[in-house]
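Here is the structure we will look at, set down as structure tokens.
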Amino acid sequence: VLGAAARCQFCIEMETGTGKTYVYTKTIFELNRKYGFTKFVIVVPSVAIREGVYKSFEITKEHFGLQYDNVPCRYFIYNSAKLSDVRQFATSSNIEVMIINIDAFKKAENIINQAQDRLGGETAMGFIQNTHPIVIIDEPQSVDNTPKAKEAIATLNPLCVLRYSATHRE
């Protein structure tokens with residue numbers, strides 16, 4: 001798993017304030033249109049950025065709906081109390097975008113990594129891993145800046161990782 005994630009990483013460098021969230025949202029729709037990809041996980045460094053990304057999806061929903069023939073797209077903030085969202089993420093054939101902060105899954109004791117009766121004894125992480133999502137990292141210098149965080153990203157079992165930042169450290 002770690003090797004695959006390391007082989008398929010792409011860094012997109014954009015100046016601060018030039019619309020990274022808009023660009024990666026458009027990338028999601030383009031990857032769906034051109035290649036049929038439907039599973040995306042956006043990993044952010046903090047709750048504040050997570051809320052901002054969600055708000056951006058709300059604001060641009062109509063805009064992207066017009067550009068992409070109202071293709072069904074569900075976006076949600078990962079919430080450990082609503083694991084049914086993760087099951088729907090994994091089983092839906094539509095575009096699914098999960099927005100999650102790195103701290104929600106980088107420790108083994110996080111709920112996402114624990115077997116759950118309401119998920120048939122599976123882990124929410126297992127559902128995510130089986131989809132081989134395209135992982136988008138918003139501000140990688142603050143998200144995958146430690147070996148533990150890099151390992152957590154790899155556990156998502158990504159098809160590839162798109163790293164968006166104005167200030168890449170790696």
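Here, A, B, ... name the chains of the structure tokens in the order displayed, residue numbers run from 1 inside each chain, and ligands are numbered from 1 in the same displayed order.
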Note to self: With only C-alpha atoms as the counted atoms, please give the residues lying no more than 10 Å from range 14-26 of chain A, apart from itself and same-chain residues fewer than 5 positions off, as an MDAnalysis selection string.
What the structure shows: chainID A and resid 31:32 42 52:54 56:57 60:61 64 67:68 97 136:139 162:168
Notebook entry, point to check: Do you know which residues are at most 10 Å from Asp103 in chain A counting only C-alpha atoms, after dropping those on the same chain fewer than 5 positions away, and could you put them as a PyMOL selection string?
Noted result: chain A and resi 43-47+110+143+149+152
Note to self: Measuring between only C-alpha atoms, which one of A:Leu119, A:Ile111, A:Ile102, A:Ile128 shows the shortest distance to Ala90 in chain A?
What the structure shows: A:Ile128
Next item on the list: Go through range 14-131 of chain A and collect every residue that DSSP, computed from the backbone, puts in alpha helix (DSSP H); the answer should be as a count of residues only.
Entry: 53
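The shortest atom-to-atom distance to Leu156 in chain A, with only C-alpha atoms taken into account, belongs to A:Gly126 out of A:His63, A:Ala48, A:Phe29, A:Gly126.
Distances here use only C-alpha atoms; by that measure, the residue among A:Ile153, A:Cys73, A:Phe40, A:Leu66 closest to Lys106 in chain A is A:Ile153.
Each of A:Lys39, A:Lys148, A:Phe76, A:Asn130 was compared to Ile100 in chain A using only C-alpha atoms, and A:Phe76 turns out to be the nearest.
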